[in-house]
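File shown: query-v8.cif. Contents: mmCIF, C-alpha atoms and all ligand atoms; chains and numbers go by the auth columns.
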data_structure
#
loop_
_atom_site.group_PDB
_atom_site.id
_atom_site.type_symbol
_atom_site.label_atom_id
_atom_site.label_comp_id
_atom_site.label_asym_id
_atom_site.label_seq_id
_atom_site.Cartn_x
_atom_site.Cartn_y
_atom_site.Cartn_z
_atom_site.B_iso_or_equiv
_atom_site.auth_seq_id
_atom_site.auth_asym_id
ATOM 1 C CA MET A 1 -27.318 7.094 -33.772 0.00 1 A
ATOM 2 C CA TYR A 2 -25.507 6.570 -37.065 0.00 2 A
ATOM 3 C CA LYS A 3 -25.367 2.811 -36.937 0.00 3 A
ATOM 4 C CA ASN A 4 -29.024 2.312 -36.004 0.00 4 A
ATOM 5 C CA LEU A 5 -30.190 4.738 -38.647 0.00 5 A
ATOM 6 C CA ASN A 6 -28.020 3.231 -41.344 0.00 6 A
ATOM 7 C CA ASP A 7 -29.087 -0.308 -40.430 0.00 7 A
ATOM 8 C CA THR A 8 -32.767 0.653 -40.494 0.00 8 A
ATOM 9 C CA LEU A 9 -32.433 2.354 -43.859 0.00 9 A
ATOM 10 C CA SER A 10 -30.322 -0.299 -45.530 0.00 10 A
ATOM 11 C CA ALA A 11 -32.817 -2.970 -44.428 0.00 11 A
ATOM 12 C CA GLN A 12 -35.307 -1.015 -46.562 0.00 12 A
ATOM 13 C CA GLN A 13 -32.732 -0.578 -49.339 0.00 13 A
ATOM 14 C CA ILE A 14 -32.664 3.168 -48.835 0.00 14 A
ATOM 15 C CA GLN A 15 -29.376 4.983 -49.387 0.00 15 A
ATOM 16 C CA LEU A 16 -28.365 7.320 -46.568 0.00 16 A
ATOM 17 C CA VAL A 17 -26.792 10.561 -47.774 0.00 17 A
ATOM 18 C CA ALA A 18 -25.214 12.264 -44.763 0.00 18 A
ATOM 19 C CA VAL A 19 -25.713 16.007 -45.247 0.00 19 A
ATOM 20 C CA SER A 20 -22.502 17.526 -43.915 0.00 20 A
ATOM 21 C CA LYS A 21 -22.974 21.168 -44.974 0.00 21 A
ATOM 22 C CA THR A 22 -21.386 23.628 -42.500 0.00 22 A
ATOM 23 C CA LYS A 23 -19.861 20.719 -40.553 0.00 23 A
ATOM 24 C CA PRO A 24 -16.086 20.341 -40.152 0.00 24 A
ATOM 25 C CA ASN A 25 -13.963 17.592 -41.681 0.00 25 A
ATOM 26 C CA GLU A 26 -13.590 15.860 -38.300 0.00 26 A
ATOM 27 C CA ALA A 27 -17.342 15.293 -38.111 0.00 27 A
ATOM 28 C CA ILE A 28 -17.323 13.817 -41.606 0.00 28 A
ATOM 29 C CA LEU A 29 -14.340 11.597 -40.830 0.00 29 A
ATOM 30 C CA SER A 30 -16.013 10.267 -37.739 0.00 30 A
ATOM 31 C CA LEU A 31 -18.897 8.900 -39.858 0.00 31 A
ATOM 32 C CA TYR A 32 -16.465 7.837 -42.571 0.00 32 A
ATOM 33 C CA GLU A 33 -14.653 5.674 -40.036 0.00 33 A
ATOM 34 C CA GLN A 34 -17.983 3.986 -39.252 0.00 34 A
ATOM 35 C CA GLY A 35 -18.361 3.143 -42.927 0.00 35 A
ATOM 36 C CA GLN A 36 -20.371 6.030 -44.360 0.00 36 A
ATOM 37 C CA ARG A 37 -19.297 6.953 -47.920 0.00 37 A
ATOM 38 C CA HIS A 38 -22.142 9.127 -49.250 0.00 38 A
ATOM 39 C CA PHE A 39 -22.097 12.764 -48.148 0.00 39 A
ATOM 40 C CA GLY A 40 -24.175 15.727 -49.342 0.00 40 A
ATOM 41 C CA GLU A 41 -23.256 19.404 -49.630 0.00 41 A
ATOM 42 C CA ASN A 42 -25.173 22.438 -50.876 0.00 42 A
ATOM 43 C CA ARG A 43 -22.401 24.967 -51.559 0.00 43 A
ATOM 44 C CA VAL A 44 -19.881 24.529 -54.339 0.00 44 A
ATOM 45 C CA GLN A 45 -16.895 26.153 -52.662 0.00 45 A
ATOM 46 C CA GLU A 46 -17.339 24.218 -49.433 0.00 46 A
ATOM 47 C CA LEU A 47 -17.787 20.994 -51.395 0.00 47 A
ATOM 48 C CA VAL A 48 -14.632 21.576 -53.463 0.00 48 A
ATOM 49 C CA GLU A 49 -12.558 22.193 -50.322 0.00 49 A
ATOM 50 C CA LYS A 50 -13.902 19.115 -48.571 0.00 50 A
ATOM 51 C CA HIS A 51 -13.347 16.991 -51.660 0.00 51 A
ATOM 52 C CA GLU A 52 -9.714 18.121 -51.760 0.00 52 A
ATOM 53 C CA GLN A 53 -9.118 17.491 -48.072 0.00 53 A
ATOM 54 C CA LEU A 54 -11.015 14.267 -47.424 0.00 54 A
ATOM 55 C CA PRO A 55 -10.592 10.639 -48.592 0.00 55 A
ATOM 56 C CA LYS A 56 -11.020 10.173 -52.319 0.00 56 A
ATOM 57 C CA ASP A 57 -13.458 7.261 -52.057 0.00 57 A
ATOM 58 C CA ILE A 58 -16.202 9.503 -50.670 0.00 58 A
ATOM 59 C CA HIS A 59 -19.192 9.792 -53.005 0.00 59 A
ATOM 60 C CA TRP A 60 -20.175 13.455 -52.987 0.00 60 A
ATOM 61 C CA HIS A 61 -23.774 14.480 -53.627 0.00 61 A
ATOM 62 C CA PHE A 62 -24.708 18.032 -54.564 0.00 62 A
ATOM 63 C CA ILE A 63 -28.092 18.923 -53.056 0.00 63 A
ATOM 64 C CA GLY A 64 -28.306 22.741 -53.288 0.00 64 A
ATOM 65 C CA HIS A 65 -29.386 25.195 -55.938 0.00 65 A
ATOM 66 C CA LEU A 66 -26.570 25.046 -58.498 0.00 66 A
ATOM 67 C CA GLN A 67 -25.417 28.148 -60.341 0.00 67 A
ATOM 68 C CA THR A 68 -24.498 27.658 -63.989 0.00 68 A
ATOM 69 C CA ASN A 69 -21.039 29.199 -63.660 0.00 69 A
ATOM 70 C CA LYS A 70 -20.083 26.815 -60.843 0.00 70 A
ATOM 71 C CA VAL A 71 -20.745 23.467 -62.480 0.00 71 A
ATOM 72 C CA LYS A 72 -17.164 23.396 -63.786 0.00 72 A
ATOM 73 C CA TYR A 73 -15.722 23.199 -60.255 0.00 73 A
ATOM 74 C CA ILE A 74 -17.504 19.948 -59.358 0.00 74 A
ATOM 75 C CA ALA A 75 -17.833 18.257 -62.752 0.00 75 A
ATOM 76 C CA SER A 76 -14.691 16.145 -62.443 0.00 76 A
ATOM 77 C CA PHE A 77 -15.742 14.324 -59.282 0.00 77 A
ATOM 78 C CA ILE A 78 -19.412 14.776 -58.379 0.00 78 A
ATOM 79 C CA HIS A 79 -21.230 11.474 -57.777 0.00 79 A
ATOM 80 C CA LEU A 80 -24.820 12.711 -58.105 0.00 80 A
ATOM 81 C CA ILE A 81 -26.453 16.109 -58.568 0.00 81 A
ATOM 82 C CA HIS A 82 -29.880 15.999 -56.856 0.00 82 A
ATOM 83 C CA SER A 83 -30.922 19.506 -57.746 0.00 83 A
ATOM 84 C CA VAL A 84 -31.371 19.886 -61.498 0.00 84 A
ATOM 85 C CA ASP A 85 -34.201 22.398 -61.378 0.00 85 A
ATOM 86 C CA ARG A 86 -34.100 24.015 -64.839 0.00 86 A
ATOM 87 C CA VAL A 87 -33.130 23.075 -68.377 0.00 87 A
ATOM 88 C CA LYS A 88 -30.360 25.667 -68.531 0.00 88 A
ATOM 89 C CA ILE A 89 -28.358 23.896 -65.834 0.00 89 A
ATOM 90 C CA LEU A 90 -28.605 20.614 -67.773 0.00 90 A
ATOM 91 C CA LYS A 91 -26.936 22.248 -70.760 0.00 91 A
ATOM 92 C CA GLU A 92 -24.015 23.319 -68.611 0.00 92 A
ATOM 93 C CA ILE A 93 -23.742 19.919 -66.909 0.00 93 A
ATOM 94 C CA GLN A 94 -23.622 18.340 -70.383 0.00 94 A
ATOM 95 C CA LYS A 95 -20.842 20.714 -71.439 0.00 95 A
ATOM 96 C CA GLN A 96 -18.725 20.172 -68.333 0.00 96 A
ATOM 97 C CA ALA A 97 -19.301 16.413 -68.213 0.00 97 A
ATOM 98 C CA LYS A 98 -18.150 16.153 -71.806 0.00 98 A
ATOM 99 C CA SER A 99 -15.007 18.178 -71.251 0.00 99 A
ATOM 100 C CA ASN A 100 -14.201 15.899 -68.288 0.00 100 A
ATOM 101 C CA ASP A 101 -14.892 12.880 -70.477 0.00 101 A
ATOM 102 C CA ARG A 102 -17.459 11.443 -68.089 0.00 102 A
ATOM 103 C CA ILE A 103 -21.151 10.918 -67.621 0.00 103 A
ATOM 104 C CA ILE A 104 -22.713 12.767 -64.705 0.00 104 A
ATOM 105 C CA ASP A 105 -25.699 11.290 -62.899 0.00 105 A
ATOM 106 C CA VAL A 106 -28.479 13.710 -62.000 0.00 106 A
ATOM 107 C CA LEU A 107 -31.921 13.831 -60.435 0.00 107 A
ATOM 108 C CA LEU A 108 -34.642 16.167 -61.642 0.00 108 A
ATOM 109 C CA GLN A 109 -35.824 18.271 -58.724 0.00 109 A
ATOM 110 C CA ILE A 110 -39.605 18.513 -58.666 0.00 110 A
ATOM 111 C CA LYS A 111 -41.447 21.196 -56.756 0.00 111 A
ATOM 112 C CA ILE A 112 -43.805 19.322 -54.479 0.00 112 A
ATOM 113 C CA ALA A 113 -43.921 21.711 -51.523 0.00 113 A
ATOM 114 C CA GLU A 114 -46.358 24.535 -51.019 0.00 114 A
ATOM 115 C CA GLU A 115 -43.800 27.231 -50.168 0.00 115 A
ATOM 116 C CA ASP A 116 -42.686 29.109 -53.246 0.00 116 A
ATOM 117 C CA THR A 117 -39.172 29.389 -51.860 0.00 117 A
ATOM 118 C CA LYS A 118 -38.430 25.834 -52.936 0.00 118 A
ATOM 119 C CA TYR A 119 -36.796 25.334 -56.321 0.00 119 A
ATOM 120 C CA GLY A 120 -37.821 22.717 -58.825 0.00 120 A
ATOM 121 C CA PHE A 121 -39.669 21.890 -62.007 0.00 121 A
ATOM 122 C CA ASP A 122 -43.411 21.778 -62.062 0.00 122 A
ATOM 123 C CA GLU A 123 -45.023 18.679 -63.495 0.00 123 A
ATOM 124 C CA THR A 124 -46.012 20.149 -66.868 0.00 124 A
ATOM 125 C CA THR A 125 -42.562 21.562 -67.549 0.00 125 A
ATOM 126 C CA ILE A 126 -40.820 18.285 -66.851 0.00 126 A
ATOM 127 C CA LEU A 127 -43.267 16.225 -68.909 0.00 127 A
ATOM 128 C CA ASP A 128 -42.849 18.638 -71.839 0.00 128 A
ATOM 129 C CA PHE A 129 -39.088 18.435 -71.500 0.00 129 A
ATOM 130 C CA LEU A 130 -39.052 14.637 -71.415 0.00 130 A
ATOM 131 C CA ALA A 131 -41.154 14.583 -74.595 0.00 131 A
ATOM 132 C CA THR A 132 -38.286 16.288 -76.476 0.00 132 A
ATOM 133 C CA ASP A 133 -35.129 14.637 -77.839 0.00 133 A
ATOM 134 C CA TRP A 134 -33.223 15.432 -74.647 0.00 134 A
ATOM 135 C CA SER A 135 -31.277 12.152 -74.593 0.00 135 A
ATOM 136 C CA THR A 136 -29.522 12.970 -77.862 0.00 136 A
ATOM 137 C CA ARG A 137 -28.846 16.522 -76.769 0.00 137 A
ATOM 138 C CA TYR A 138 -27.403 15.567 -73.362 0.00 138 A
ATOM 139 C CA PRO A 139 -25.444 12.356 -73.983 0.00 139 A
ATOM 140 C CA ASN A 140 -23.113 12.965 -71.037 0.00 140 A
ATOM 141 C CA VAL A 141 -25.950 13.406 -68.561 0.00 141 A
ATOM 142 C CA ARG A 142 -27.729 10.410 -67.100 0.00 142 A
ATOM 143 C CA ILE A 143 -31.083 11.095 -65.446 0.00 143 A
ATOM 144 C CA VAL A 144 -31.400 8.508 -62.681 0.00 144 A
ATOM 145 C CA GLY A 145 -34.529 9.719 -60.901 0.00 145 A
ATOM 146 C CA LEU A 146 -36.384 12.506 -59.138 0.00 146 A
ATOM 147 C CA MET A 147 -35.825 14.579 -56.018 0.00 147 A
ATOM 148 C CA GLY A 148 -38.329 16.493 -53.933 0.00 148 A
ATOM 149 C CA MET A 149 -38.467 18.444 -50.694 0.00 149 A
ATOM 150 C CA GLY A 150 -41.564 18.315 -48.535 0.00 150 A
ATOM 151 C CA THR A 151 -43.130 21.394 -47.014 0.00 151 A
ATOM 152 C CA PHE A 152 -41.586 22.370 -43.700 0.00 152 A
ATOM 153 C CA SER A 153 -44.712 21.879 -41.644 0.00 153 A
ATOM 154 C CA ASN A 154 -46.198 20.257 -38.579 0.00 154 A
ATOM 155 C CA ASP A 155 -48.745 18.437 -40.698 0.00 155 A
ATOM 156 C CA PRO A 156 -47.420 14.958 -41.494 0.00 156 A
ATOM 157 C CA GLN A 157 -50.418 14.297 -43.743 0.00 157 A
ATOM 158 C CA GLN A 158 -49.421 17.162 -46.020 0.00 158 A
ATOM 159 C CA THR A 159 -45.842 15.908 -46.217 0.00 159 A
ATOM 160 C CA ARG A 160 -47.095 12.412 -46.948 0.00 160 A
ATOM 161 C CA GLN A 161 -49.269 13.655 -49.801 0.00 161 A
ATOM 162 C CA GLU A 162 -46.339 15.552 -51.285 0.00 162 A
ATOM 163 C CA PHE A 163 -44.147 12.444 -51.243 0.00 163 A
ATOM 164 C CA GLN A 164 -46.995 10.461 -52.800 0.00 164 A
ATOM 165 C CA THR A 165 -47.189 13.073 -55.552 0.00 165 A
ATOM 166 C CA LEU A 166 -43.488 12.609 -56.275 0.00 166 A
ATOM 167 C CA LYS A 167 -43.783 8.824 -56.317 0.00 167 A
ATOM 168 C CA LYS A 168 -46.771 8.968 -58.670 0.00 168 A
ATOM 169 C CA LEU A 169 -44.928 11.283 -61.043 0.00 169 A
ATOM 170 C CA PHE A 170 -41.893 8.994 -60.879 0.00 170 A
ATOM 171 C CA ASP A 171 -44.026 5.971 -61.832 0.00 171 A
ATOM 172 C CA ARG A 172 -45.561 7.827 -64.747 0.00 172 A
ATOM 173 C CA ILE A 173 -42.203 9.070 -66.066 0.00 173 A
ATOM 174 C CA LYS A 174 -40.674 5.645 -65.582 0.00 174 A
ATOM 175 C CA LYS A 175 -43.442 4.006 -67.598 0.00 175 A
ATOM 176 C CA ASP A 176 -43.469 6.593 -70.389 0.00 176 A
ATOM 177 C CA HIS A 177 -39.767 7.342 -70.802 0.00 177 A
ATOM 178 C CA PHE A 178 -37.537 4.911 -68.906 0.00 178 A
ATOM 179 C CA ALA A 179 -39.435 1.624 -68.920 0.00 179 A
ATOM 180 C CA THR A 180 -36.403 -0.355 -70.105 0.00 180 A
ATOM 181 C CA ILE A 181 -33.765 1.807 -68.461 0.00 181 A
ATOM 182 C CA GLU A 182 -32.819 0.270 -65.157 0.00 182 A
ATOM 183 C CA SER A 183 -30.696 3.184 -63.956 0.00 183 A
ATOM 184 C CA PHE A 184 -33.788 5.406 -63.674 0.00 184 A
ATOM 185 C CA ARG A 185 -34.731 4.236 -60.210 0.00 185 A
ATOM 186 C CA GLU A 186 -34.096 6.890 -57.533 0.00 186 A
ATOM 187 C CA ARG A 187 -36.547 8.888 -55.447 0.00 187 A
ATOM 188 C CA SER A 188 -34.512 11.276 -53.286 0.00 188 A
ATOM 189 C CA MET A 189 -36.954 12.310 -50.604 0.00 189 A
ATOM 190 C CA GLY A 190 -36.812 12.662 -46.834 0.00 190 A
ATOM 191 C CA MET A 191 -34.744 14.742 -44.409 0.00 191 A
ATOM 192 C CA SER A 192 -34.216 14.588 -40.629 0.00 192 A
ATOM 193 C CA GLY A 193 -37.785 15.632 -39.845 0.00 193 A
ATOM 194 C CA ASP A 194 -39.682 13.565 -42.397 0.00 194 A
ATOM 195 C CA TYR A 195 -37.549 10.619 -43.483 0.00 195 A
ATOM 196 C CA THR A 196 -39.784 7.988 -41.878 0.00 196 A
ATOM 197 C CA ILE A 197 -42.761 9.255 -43.901 0.00 197 A
ATOM 198 C CA ALA A 198 -40.575 9.363 -47.012 0.00 198 A
ATOM 199 C CA ALA A 199 -39.455 5.776 -46.423 0.00 199 A
ATOM 200 C CA GLU A 200 -43.091 4.668 -46.169 0.00 200 A
ATOM 201 C CA GLU A 201 -43.895 6.457 -49.419 0.00 201 A
ATOM 202 C CA GLY A 202 -41.182 4.857 -51.518 0.00 202 A
ATOM 203 C CA SER A 203 -38.005 6.860 -50.988 0.00 203 A
ATOM 204 C CA THR A 204 -34.777 5.223 -52.221 0.00 204 A
ATOM 205 C CA MET A 205 -32.473 7.929 -50.903 0.00 205 A
ATOM 206 C CA VAL A 206 -32.752 10.147 -47.827 0.00 206 A
ATOM 207 C CA ARG A 207 -30.715 13.299 -47.171 0.00 207 A
ATOM 208 C CA ILE A 208 -30.114 13.585 -43.453 0.00 208 A
ATOM 209 C CA GLY A 209 -28.117 16.312 -41.725 0.00 209 A
ATOM 210 C CA SER A 210 -29.096 17.541 -38.279 0.00 210 A
ATOM 211 C CA LEU A 211 -30.195 14.151 -36.998 0.00 211 A
ATOM 212 C CA LEU A 212 -26.642 12.847 -37.569 0.00 212 A
ATOM 213 C CA PHE A 213 -24.510 15.909 -36.949 0.00 213 A
ATOM 214 C CA GLY A 214 -26.627 17.998 -34.574 0.00 214 A
ATOM 215 C CA GLN A 215 -28.320 21.329 -35.303 0.00 215 A
ATOM 216 C CA ARG A 216 -26.540 23.728 -37.635 0.00 216 A
HETATM 217 C C1 LIG B . -29.868 20.781 -45.474 0.00 301 A
HETATM 218 C C2 LIG B . -30.580 19.876 -46.409 0.00 301 A
HETATM 219 C C3 LIG B . -30.964 18.591 -46.005 0.00 301 A
HETATM 220 C C4 LIG B . -30.752 18.049 -44.617 0.00 301 A
HETATM 221 O O1 LIG B . -31.602 18.683 -43.718 0.00 301 A
HETATM 222 P P1 LIG B . -31.765 18.152 -42.193 0.00 301 A
HETATM 223 O O2 LIG B . -33.067 18.693 -41.781 0.00 301 A
HETATM 224 O O3 LIG B . -30.612 18.741 -41.448 0.00 301 A
HETATM 225 O O4 LIG B . -31.717 16.675 -42.230 0.00 301 A
HETATM 226 C C5 LIG B . -31.578 17.782 -46.954 0.00 301 A
HETATM 227 N N1 LIG B . -31.816 18.203 -48.208 0.00 301 A
HETATM 228 C C6 LIG B . -31.465 19.443 -48.624 0.00 301 A
HETATM 229 C C7 LIG B . -31.759 19.832 -50.031 0.00 301 A
HETATM 230 C C8 LIG B . -30.846 20.319 -47.739 0.00 301 A
HETATM 231 O O5 LIG B . -30.503 21.543 -48.160 0.00 301 A
#
Can the structure from this file be put into structure tokens for me?
Amino acid sequence: MYKNLNDTLSAQQIQLVAVSKTKPNEAILSLYEQGQRHFGENRVQELVEKHEQLPKDIHWHFIGHLQTNKVKYIASFIHLIHSVDRVKILKEIQKQAKSNDRIIDVLLQIKIAEEDTKYGFDETTILDFLATDWSTRYPNVRIVGLMGMGTFSNDPQQTRQEFQTLKKLFDRIKKDHFATIESFRERSMGMSGDYTIAAEEGSTMVRIGSLLFGQR
């Protein structure tokens, strides 16, 4: 399973993030031994423990809703935070990145799904924010793209439209704010149930858990 999936995705230049939340270290190591280096977690405490116990060349992605008071525990090592869903969390990431003397890469999470349980910025809020002088206020934060979660539904057409919405917003933001900035390039979209649609709609990064590790 792993090898085929990874081959298919890398042929399309899509990064596979193996979502290992709730799964034991042995399961992670088994993919690690097959070459996987990017893993995603959604709870800070679990991530910190796994980071301590597992090989240090793993690139850890944070994909869950991040509480302000927990940024400090992951700031020294996190590879990419996918889930920046409010301005307040950016301020704290800036603070903790600076005190660790590093620049932390982040994605802005955009609410594209219908359910109101999903976190994320709406379009107006993010466009207003990007029109401010954010880059001077957050010098230790590098915004490298957008993330979105599709509606959990049986209607592939709805999911497809949501991913198209994210891609369109990405193109607009790229043109208006990052035209010359090469590092702004990621669209984190697609999970086990919808990654093929996401790939067709311009994903550069998929977050896949159950398909690789089995149901949680
Ligand atoms: C759990 C999770 C995933 C992976 O979900 P699967 O359906 O198991 O592939 C992807 N993204 C986020 C944000 C998640 O919380």
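Evaluated against the shown file, the PyMOL selection byres (((chain A and resi 55) around 12) and not hetatm) gives Asn25, Glu26, Ile28, Leu29, Tyr32, Glu33, Gln36, Arg37, His38, Phe39, Glu49, Lys50, His51, Glu52, Gln53, Leu54, Lys56, Asp57, Ile58, His59 and Trp60 of chain A.
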Taking only C-alpha atoms and all ligand atoms into account, report as a short mmCIF file (atom, residue, chain, number, x, y, z; two decimals) with C-alpha atoms, in the coordinates of the input which residues have an atom no farther than 7 Å from an atom of ligand LIG 301 (chain A).
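Okay, selection_12.cif is ready:
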data_model
loop_
_atom_site.label_atom_id
_atom_site.label_comp_id
_atom_site.auth_asym_id
_atom_site.auth_seq_id
_atom_site.Cartn_x
_atom_site.Cartn_y
_atom_site.Cartn_z
CA VAL A 19 -25.71 16.01 -45.25
CA LYS A 21 -22.97 21.17 -44.97
CA ASN A 42 -25.17 22.44 -50.88
CA ILE A 63 -28.09 18.92 -53.06
CA GLY A 64 -28.31 22.74 -53.29
CA MET A 149 -38.47 18.44 -50.69
CA MET A 191 -34.74 14.74 -44.41
CA SER A 192 -34.22 14.59 -40.63
CA GLY A 193 -37.78 15.63 -39.84
CA ARG A 207 -30.72 13.30 -47.17
CA ILE A 208 -30.11 13.58 -43.45
CA GLY A 209 -28.12 16.31 -41.72
CA SER A 210 -29.10 17.54 -38.28
CA LEU A 211 -30.20 14.15 -37.00
#
Identify which of the residues A:Asn100, A:Ala75, A:Gly40, A:Val141 lies closest to A:Gln15, counting only C-alpha atoms when measuring atom-to-atom distances. A:Gly40
Please list as a compact mmCIF listing (two decimals) with C-alpha atoms, in the frame of the given file every residue within 10 Å of A:Lys23, counting all atoms listed in the file and excluding residues in the same chain fewer than 6 positions away.
# COMPACT_ATOMS: atom_id res chain seq x y z
CA GLU A 41 -23.26 19.40 -49.63
CA GLU A 46 -17.34 24.22 -49.43
CA GLY A 209 -28.12 16.31 -41.72
CA PHE A 213 -24.51 15.91 -36.95
CA GLY A 214 -26.63 18.00 -34.57
CA GLN A 215 -28.32 21.33 -35.30
CA ARG A 216 -26.54 23.73 -37.64
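The residue that comes closest to A:Lys111, out of A:Arg142, A:Lys174, A:His79, A:Arg86 and on the basis of all atoms listed in the file, is A:Arg86.
Among the candidates A:Arg172, A:Lys91, A:His61, A:Arg137, the one nearest to A:Arg43 when counting all atoms listed in the file is A:His61.
Picked out by the PyMOL selection byres (((chain A and resi 144-147) around 7) and not hetatm) when it runs on this file: His82, Asp105, Val106, Leu107, Leu108, Gln109, Ile110, Arg142, Ile143, Gly148, Phe170, Ser183, Phe184, Arg185, Glu186, Arg187, Ser188 and Met189 of chain A.
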To test the calculation: enclose all listed atoms of stretch 138-149 of chain A in a box whose edges run along x, y and z, add 4 Å on each side, then state centre and edge lengths in Å to one decimal, as lines of an AutoDock Vina configuration file.
center_x = -30.8
center_y = 13.5
center_z = -62.3
size_x = 23.4
size_y = 17.9
size_z = 31.3
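Coordinates place atom CA of A:Asp194 at a distance of 17.7 Å from atom CA of A:Ser20.
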Tell me which residues the PyMOL selection byres (((chain A and resi 138) around 9) and not hetatm) grabs here, as a ChimeraX atom specification. /A:90-91,93-95,133-137,139-142
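Proximity of A:Thr165, A:Ser10, A:Thr151, A:Gln45 to A:Thr22, computed with all atoms listed in the file, is greatest for A:Gln45.
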Please identify all polymer residues within 12 Å of A:Lys72, counting all atoms listed in the file, omitting same-chain residues fewer than 2 positions from it, and present them as an mmCIF file with C-alpha atoms, in the coordinates of the input.
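File written: result15.cif
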data_model
loop_
_atom_site.group_PDB
_atom_site.id
_atom_site.type_symbol
_atom_site.label_atom_id
_atom_site.label_comp_id
_atom_site.auth_asym_id
_atom_site.auth_seq_id
_atom_site.Cartn_x
_atom_site.Cartn_y
_atom_site.Cartn_z
ATOM 1 C CA VAL A 44 -19.881 24.529 -54.339
ATOM 2 C CA GLN A 45 -16.895 26.153 -52.662
ATOM 3 C CA VAL A 48 -14.632 21.576 -53.463
ATOM 4 C CA LEU A 66 -26.570 25.046 -58.498
ATOM 5 C CA GLN A 67 -25.417 28.148 -60.341
ATOM 6 C CA THR A 68 -24.498 27.658 -63.989
ATOM 7 C CA ASN A 69 -21.039 29.199 -63.660
ATOM 8 C CA LYS A 70 -20.083 26.815 -60.843
ATOM 9 C CA ILE A 74 -17.504 19.948 -59.358
ATOM 10 C CA ALA A 75 -17.833 18.257 -62.752
ATOM 11 C CA SER A 76 -14.691 16.145 -62.443
ATOM 12 C CA PHE A 77 -15.742 14.324 -59.282
ATOM 13 C CA ILE A 78 -19.412 14.776 -58.379
ATOM 14 C CA ILE A 89 -28.358 23.896 -65.834
ATOM 15 C CA GLU A 92 -24.015 23.319 -68.611
ATOM 16 C CA ILE A 93 -23.742 19.919 -66.909
ATOM 17 C CA GLN A 94 -23.622 18.340 -70.383
ATOM 18 C CA LYS A 95 -20.842 20.714 -71.439
ATOM 19 C CA GLN A 96 -18.725 20.172 -68.333
ATOM 20 C CA ALA A 97 -19.301 16.413 -68.213
ATOM 21 C CA LYS A 98 -18.150 16.153 -71.806
ATOM 22 C CA SER A 99 -15.007 18.178 -71.251
ATOM 23 C CA ASN A 100 -14.201 15.899 -68.288
#
Would you fill out stretch 67-80 of chain A with N, CA and C atoms and return it as an mmCIF file, in the frame of the given file?
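Full text of rebuild07.cif as output:
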data_model
loop_
_atom_site.group_PDB
_atom_site.id
_atom_site.type_symbol
_atom_site.label_atom_id
_atom_site.label_comp_id
_atom_site.auth_asym_id
_atom_site.auth_seq_id
_atom_site.Cartn_x
_atom_site.Cartn_y
_atom_site.Cartn_z
ATOM 1 N N GLN A 67 -25.566 27.062 -59.375
ATOM 2 C CA GLN A 67 -25.417 28.148 -60.341
ATOM 3 C C GLN A 67 -24.656 27.647 -61.565
ATOM 4 N N THR A 68 -25.075 28.119 -62.723
ATOM 5 C CA THR A 68 -24.498 27.658 -63.989
ATOM 6 C C THR A 68 -22.976 27.808 -64.020
ATOM 7 N N ASN A 69 -22.483 28.948 -63.555
ATOM 8 C CA ASN A 69 -21.039 29.199 -63.660
ATOM 9 C C ASN A 69 -20.205 28.406 -62.661
ATOM 10 N N LYS A 70 -20.850 27.586 -61.831
ATOM 11 C CA LYS A 70 -20.083 26.815 -60.843
ATOM 12 C C LYS A 70 -20.028 25.326 -61.140
ATOM 13 N N VAL A 71 -20.737 24.899 -62.153
ATOM 14 C CA VAL A 71 -20.745 23.467 -62.480
ATOM 15 C C VAL A 71 -19.324 22.971 -62.749
ATOM 16 N N LYS A 72 -18.519 23.812 -63.392
ATOM 17 C CA LYS A 72 -17.164 23.396 -63.786
ATOM 18 C C LYS A 72 -16.294 22.979 -62.593
ATOM 19 N N TYR A 73 -16.567 23.514 -61.412
ATOM 20 C CA TYR A 73 -15.722 23.199 -60.255
ATOM 21 C C TYR A 73 -15.995 21.806 -59.679
ATOM 22 N N ILE A 74 -17.169 21.253 -59.952
ATOM 23 C CA ILE A 74 -17.504 19.948 -59.358
ATOM 24 C C ILE A 74 -17.614 18.827 -60.400
ATOM 25 N N ALA A 75 -17.530 19.216 -61.683
ATOM 26 C CA ALA A 75 -17.833 18.257 -62.752
ATOM 27 C C ALA A 75 -16.889 17.059 -62.783
ATOM 28 N N SER A 76 -15.660 17.235 -62.320
ATOM 29 C CA SER A 76 -14.691 16.145 -62.443
ATOM 30 C C SER A 76 -14.935 15.030 -61.429
ATOM 31 N N PHE A 77 -15.654 15.323 -60.350
ATOM 32 C CA PHE A 77 -15.742 14.324 -59.282
ATOM 33 C C PHE A 77 -17.139 14.069 -58.731
ATOM 34 N N ILE A 78 -18.117 14.898 -59.067
ATOM 35 C CA ILE A 78 -19.412 14.776 -58.379
ATOM 36 C C ILE A 78 -20.053 13.408 -58.671
ATOM 37 N N HIS A 79 -20.620 12.802 -57.631
ATOM 38 C CA HIS A 79 -21.230 11.474 -57.777
ATOM 39 C C HIS A 79 -22.665 11.582 -58.280
ATOM 40 N N LEU A 80 -23.416 12.531 -57.716
ATOM 41 C CA LEU A 80 -24.820 12.711 -58.105
ATOM 42 C C LEU A 80 -25.258 14.139 -57.794
#
